[in-house]
Amino acid sequence: MIAKNPPMHSESLAAGEAVAVHPSLAATSAGPGATETEPAAHAGQLSRDWAGGAALLFSGAAVLVLGVWAYRQFIAPHWLPIWDESLYYPNAVKIWHALHTWDLRGVARETWKNHLMLGGPFLSPYFLVVGLMFGGTTLEAARMASLVAGVLACGGIAWVAATMVEEGKTYAAAIAATLWAASPLFLFYTTRSIYDSFALAVTAFCLVAAAKFAKHKGRMAAVMTGLLASVAIQTKWNVGALLIAALFWGLAYPEIRLRVVKDARGFLAPLAGPWFLLAAATIVPVCGALMVDGMKEFVRYLQGFPFNPLSVREQLLTYPRALFQDYVPVPALGALIVLGILYWTWKGWAKPPVRVALLYVLVPFAAATLHPQKDVRFVLGSIALACALTGAFLAKEIGAMGRAPRIVAGTALASVLAYGVWAAPAGAQRFFDVWQAAPTAAQTATLMQGLNFIRANTRADEPLFLAGVADRGINGGMVRQFLMDPFTGRSGKIEELPPSSVPGIWGGSTEPSPEYTKFLAQALRENPDASVAILYHESGSPFRGHLYPWINAWQENYGPVAAGSKDLRLVSELDTHAGLRVRVYHSALASGAVAAK
């Protein structure tokens with residue numbers, strides 16, 4: 001007689017057997033309580049996924065809207081080039097022209113000149129060249145390339161934030177991207193024809209690759225991390241050097257220390273493979289750059305800056321103050337960024353992806369604080385990556401809250417971020433106006449009048465010597481750029497007359513000296529067909545200070561020297577009645593003088 005199987009009841013099953021119950025029978029076998037729990041949890045997860053996707057969508061829209069505003073405000077009005085733009089843009093045009101005409105020798109020559117001029121990395125001008133290829137050879141096209149790189153950097157920062165958390169990745173990405181896009185300095189500096197946006201984008205994606213490598217130790221992640229670190233150092237020396245320091249300290253050093261302790265004899269063997277590929281991809285291009293003394297030239301150039309002595313208070317407070325005054329539109333967002341840094345310093349040091357990003361935030365911030373020259377741009381990368389840390393921190397902590405507190409905290413955060421996005425344009429405009437990083441519309445018109453006057457009274461194929469513009473190469477570069485043919489890159493031989501060898505601020509004495517007469521006479525003997533343009537900035541002129549062209553008093557010493565020179569004749573003089581006068585002289589022996597207009 002065969003015993004009948006007893007009816008199956010969930011309470012009679014062992015724990016191991018209960019797990020095997022088909023999901024469709026779960027409601028019956030697990031009792032009435034389970035009927036509501038599983039669908040509720042599933043619905044909550046779906047709700048959170050949907051909300052996270054919506055947050056990311058709104059974040060992307062905010063980035064694009066702010067980018068369009070920045071274009072219309074800081075690119076479309078055709079502002080004159082400022083600071084490094086006066087060097088970088090003309091160099092990019094010359095390389096573009098050489099590429100366009102398949103002049104490979106010209107490409108090599110101009111790339112090498114860019115490298116030697118300020119010790120600039122080899123790759124840096126090519127980022128702007130890409131913009132010129134798509135947008136034409138205008139300053140606006142170069143600036144647009146920088147803006148596109150800035151938007152891509154926002155995406156990279158969002159991705160970095162997502163690598164730091166296991167859940168709530170979309171929230172982390174959305175918060176990080178919005179926080180950085182709402183920064184007034186993001187809006188301003190990404191619209192300049194400089195390399196910071198490109199360096200930041202490369203850095204962000206390098207940290208994403210580093211996070212992948214830390215998690216999987218894959219060969220491809222190793223190669224990508226190393227190559228992107230190399231591209232960073234070939235974009236901006238200081239950015240790349242600090243990035244490599246963060247990678248070594250955050251990834252390699254803990255691994256090396258662990259392996260030396262575990263097996264000192266077998267230390268080299270396990271380093272082969274992905275670690276070897278990462279090191280090779282990073283170190284080989286860096287060594288190649290150092291072999292041509294590029295970084296030495298960069299350091300030598302920096303030594304010529306006027307390092308103003310600062311009090312210990314100013315030395316320590318410059319960048320924390322900049323965080324709250326310049327980098328965020330409302331102080332509450334600055335407080336969140338500080339909290340994000342502190343949180344991960346406390347809780348995330350053991351996680352390699354977090355540790356590398358954290359080091360990249362802290363090391364450049366510390367280096368900029370110790371550096372005797374201060375510029376808020378020096379911590380641009382630190383603050384941007386700090387936004388990634390903050391996005392990950394807020395997503396992790398708010399996501400761990402109960403339903404009601406999570407809704408309250410999420411709503412409060414969304415409100416602050418929305419207000420930050422709304423206030424960001426005003427903050428960017430305030431930074432633009434207070435620091436006078438470029439002329440106002442009226443001042444631009446005055447400078448254009450002076451530059452047009454120089455163009456009308458000189459020829460592109462005859463040498464031109466300038467005085468009354470400060471900073472060798474940069475402000476003179478503005479004049480060179482203006483007189484340059486954007487389709488050929490030719491602007492003639494334009495040089496700044498040198499200062500006295502007597503030491504003074506910026507390395508040039510402000511006192512009259514017979515040396516100025518000697519310098520001018522020597523320049524004219526070597527260039528008998530030359531013109532000389534002198535820009536005078538009258539007392540109280542708005543073109544002094546942060547505006548362009550900047551003026552040092554020693555430059556105006558060439559005024560009386562030129563007026564009393566028998567080797568020169570005055571061609572014409574312009575008085576703008578707005579603080580700027582321009583005089584143009586031709587050599588008395590010039591073979592093809594331009595008629596006065």
# chains A, B, ... in the order shown; residues from 1 in each chain; ligands from 1

$ select_by_dssp --residues "region 136-181 of chain A" --states "alpha helix (DSSP H)" --output "NGL selection string"
:A and (139-163 or 169-181)

$ residues_around --residues "Met133 (chain A)" --least-positions-apart "2" --cutoff "12 Å" --atoms "only C-alpha atoms" --output "PyMOL selection string"
chain A and resi 92-93+95-100+126-131+135-138+141-142+144-145+487

$ residues_around --residues "Trp69 (chain A)" --least-positions-apart "5" --cutoff "9 Å" --atoms "only C-alpha atoms" --output "count of residues only"
4

$ closest_residue --among "A:Pro498, A:Pro405, A:Pro353, A:Pro121" --to "Ala523 (chain A)" --atoms "only C-alpha atoms"
A:Pro498

$ residues_around --residues "region 201-211 of chain A" --least-positions-apart "6" --cutoff "6 Å" --atoms "only C-alpha atoms" --output "list of chain:residue names"
A:Ala153, A:Gly156, A:Ile157, A:Val160, A:Ala221, A:Thr225, A:Leu228, A:Ala232, A:Pro353

$ atom_distance --atom1 "CA of Ser565 (chain A)" --atom2 "CA of His577 (chain A)"
26.1 Å

$ residues_around --residues "Gly240 (chain A)" --least-positions-apart "5" --cutoff "8 Å" --atoms "only C-alpha atoms" --output "PDB file with N, CA, C and O atoms, in the first residue's frame"
ATOM      1  N   THR A 203      40.269  65.084 -17.735  1.00  0.00           N
ATOM      2  CA  THR A 203      40.462  64.651 -16.353  1.00  0.00           C
ATOM      3  C   THR A 203      39.261  63.852 -15.852  1.00  0.00           C
ATOM      4  O   THR A 203      39.410  62.794 -15.222  1.00  0.00           O
ATOM      5  N   ALA A 229      45.431  60.243 -18.865  1.00  0.00           N
ATOM      6  CA  ALA A 229      46.332  61.015 -18.004  1.00  0.00           C
ATOM      7  C   ALA A 229      47.418  61.684 -18.846  1.00  0.00           C
ATOM      8  O   ALA A 229      47.795  62.840 -18.591  1.00  0.00           O
ATOM      9  N   SER A 230      47.905  60.974 -19.862  1.00  0.00           N
ATOM     10  CA  SER A 230      48.913  61.551 -20.751  1.00  0.00           C
ATOM     11  C   SER A 230      48.335  62.697 -21.574  1.00  0.00           C
ATOM     12  O   SER A 230      48.997  63.716 -21.785  1.00  0.00           O
ATOM     13  N   VAL A 231      47.111  62.527 -22.047  1.00  0.00           N
ATOM     14  CA  VAL A 231      46.468  63.613 -22.798  1.00  0.00           C
ATOM     15  C   VAL A 231      46.279  64.825 -21.893  1.00  0.00           C
ATOM     16  O   VAL A 231      46.463  65.974 -22.330  1.00  0.00           O
ATOM     17  N   ALA A 232      45.955  64.586 -20.630  1.00  0.00           N
ATOM     18  CA  ALA A 232      45.780  65.703 -19.696  1.00  0.00           C
ATOM     19  C   ALA A 232      47.070  66.491 -19.538  1.00  0.00           C
ATOM     20  O   ALA A 232      47.064  67.735 -19.559  1.00  0.00           O
ATOM     21  N   ILE A 233      48.200  65.795 -19.403  1.00  0.00           N
ATOM     22  CA  ILE A 233      49.456  66.517 -19.210  1.00  0.00           C
ATOM     23  C   ILE A 233      49.906  67.182 -20.495  1.00  0.00           C
ATOM     24  O   ILE A 233      50.648  68.167 -20.475  1.00  0.00           O
ATOM     25  N   GLN A 234      49.445  66.678 -21.646  1.00  0.00           N
ATOM     26  CA  GLN A 234      49.756  67.330 -22.914  1.00  0.00           C
ATOM     27  C   GLN A 234      48.749  68.432 -23.250  1.00  0.00           C
ATOM     28  O   GLN A 234      48.837  69.050 -24.304  1.00  0.00           O
ATOM     29  N   THR A 235      47.775  68.633 -22.384  1.00  0.00           N
ATOM     30  CA  THR A 235      46.825  69.732 -22.548  1.00  0.00           C
ATOM     31  C   THR A 235      47.194  70.895 -21.638  1.00  0.00           C
ATOM     32  O   THR A 235      47.252  72.051 -22.071  1.00  0.00           O
TER      33      THR A 235
END

$ closest_residue --among "A:Gly559, A:Pro81, A:Arg355, A:Leu417" --to "Ala252 (chain A)" --atoms "only C-alpha atoms"
A:Arg355

$ atom_distance --atom1 "CA of Gln449 (chain A)" --atom2 "CA of Ala70 (chain A)"
26.3 Å

$ atom_distance --atom1 "CA of Lys236 (chain A)" --atom2 "CA of Leu317 (chain A)"
25.3 Å

$ closest_residue --among "A:Gly60, A:Pro364, A:Gly420, A:Gly250" --to "Ala332 (chain A)" --atoms "only C-alpha atoms"
A:Gly420

$ residues_around --residues "region 525-540 of chain A" --least-positions-apart "4" --cutoff "7 Å" --atoms "only C-alpha atoms" --output "CSV table (one decimal) with N, CA, C and O atoms, in the first residue's frame"
chain,number,residue,atom,x,y,z
A,454,ILE,N,45.5,101.4,-36.2
A,454,ILE,CA,46.8,100.8,-36.5
A,454,ILE,C,46.8,100.1,-37.8
A,454,ILE,O,47.7,100.2,-38.6
A,458,THR,N,49.3,100.9,-41.2
A,458,THR,CA,50.5,100.0,-41.4
A,458,THR,C,50.1,99.0,-42.5
A,458,THR,O,49.0,98.9,-42.9
A,462,GLU,N,54.9,94.6,-43.5
A,462,GLU,CA,56.0,95.4,-43.0
A,462,GLU,C,56.1,95.2,-41.5
A,462,GLU,O,55.1,95.0,-40.8
A,463,PRO,N,57.3,95.2,-40.9
A,463,PRO,CA,57.4,95.0,-39.4
A,463,PRO,C,56.7,96.1,-38.7
A,463,PRO,O,56.7,97.2,-39.1
A,464,LEU,N,56.1,95.7,-37.5
A,464,LEU,CA,55.4,96.6,-36.6
A,464,LEU,C,55.9,96.4,-35.2
A,464,LEU,O,55.9,95.3,-34.7
A,465,PHE,N,56.4,97.5,-34.6
A,465,PHE,CA,56.8,97.4,-33.2
A,465,PHE,C,55.7,98.1,-32.3
A,465,PHE,O,55.2,99.2,-32.7
A,466,LEU,N,55.4,97.5,-31.2
A,466,LEU,CA,54.3,98.0,-30.3
A,466,LEU,C,54.9,98.4,-29.0
A,466,LEU,O,55.8,97.8,-28.5
A,467,ALA,N,54.3,99.5,-28.4
A,467,ALA,CA,54.6,99.9,-27.1
A,467,ALA,C,53.3,100.4,-26.5
A,467,ALA,O,52.4,100.9,-27.2
A,468,GLY,N,53.2,100.2,-25.2
A,468,GLY,CA,51.9,100.6,-24.6
A,468,GLY,C,51.0,99.4,-24.3
A,468,GLY,O,49.9,99.6,-23.9
A,521,ALA,N,66.5,102.4,-31.6
A,521,ALA,CA,67.4,102.6,-32.7
A,521,ALA,C,67.9,101.3,-33.3
A,521,ALA,O,68.0,101.1,-34.5
A,556,GLU,N,55.3,103.5,-21.7
A,556,GLU,CA,55.0,104.8,-22.2
A,556,GLU,C,56.3,105.6,-22.3
A,556,GLU,O,56.3,106.7,-22.9
A,559,GLY,N,57.2,106.7,-25.7
A,559,GLY,CA,56.5,107.8,-26.3
A,559,GLY,C,57.4,109.0,-26.6
A,559,GLY,O,57.6,109.4,-27.8
A,579,GLY,N,40.1,108.0,-23.1
A,579,GLY,CA,41.2,107.5,-22.3
A,579,GLY,C,42.3,106.8,-23.1
A,579,GLY,O,43.3,106.3,-22.5
A,580,LEU,N,42.2,106.7,-24.4
A,580,LEU,CA,43.2,106.0,-25.2
A,580,LEU,C,43.6,106.9,-26.4
A,580,LEU,O,42.7,107.4,-27.1
A,581,ARG,N,44.9,107.1,-26.6
A,581,ARG,CA,45.4,107.7,-27.7
A,581,ARG,C,46.4,106.8,-28.4
A,581,ARG,O,47.1,106.0,-27.8
A,582,VAL,N,46.5,106.9,-29.7
A,582,VAL,CA,47.4,106.0,-30.5
A,582,VAL,C,48.2,106.9,-31.5
A,582,VAL,O,47.6,107.7,-32.2
A,583,ARG,N,49.5,106.6,-31.5
A,583,ARG,CA,50.4,107.3,-32.5
A,583,ARG,C,51.0,106.2,-33.3
A,583,ARG,O,51.5,105.2,-32.8
A,584,VAL,N,51.1,106.4,-34.6
A,584,VAL,CA,51.8,105.5,-35.5
A,584,VAL,C,52.9,106.2,-36.2
A,584,VAL,O,52.7,107.3,-36.8
A,585,TYR,N,54.1,105.7,-36.2
A,585,TYR,CA,55.3,106.2,-36.8
A,585,TYR,C,55.8,105.3,-37.9
A,585,TYR,O,55.6,104.1,-37.7
A,586,HIS,N,56.4,105.8,-38.9
A,586,HIS,CA,57.1,105.0,-39.9
A,586,HIS,C,58.6,105.4,-39.8
A,586,HIS,O,58.9,106.5,-39.5
A,587,SER,N,59.4,104.4,-40.2
A,587,SER,CA,60.8,104.7,-40.3
A,587,SER,C,61.1,105.8,-41.4
A,587,SER,O,60.4,105.8,-42.4
A,589,LEU,N,63.4,106.1,-43.3
A,589,LEU,CA,64.0,105.5,-44.5
A,589,LEU,C,63.1,104.5,-45.1
A,589,LEU,O,63.5,103.8,-46.0
A,590,ALA,N,61.8,104.4,-44.7
A,590,ALA,CA,60.9,103.4,-45.2
A,590,ALA,C,60.7,103.6,-46.7
A,590,ALA,O,60.6,104.7,-47.2
A,591,SER,N,60.8,102.5,-47.4
A,591,SER,CA,60.7,102.5,-48.9
A,591,SER,C,59.3,102.6,-49.4
A,591,SER,O,59.0,103.1,-50.5
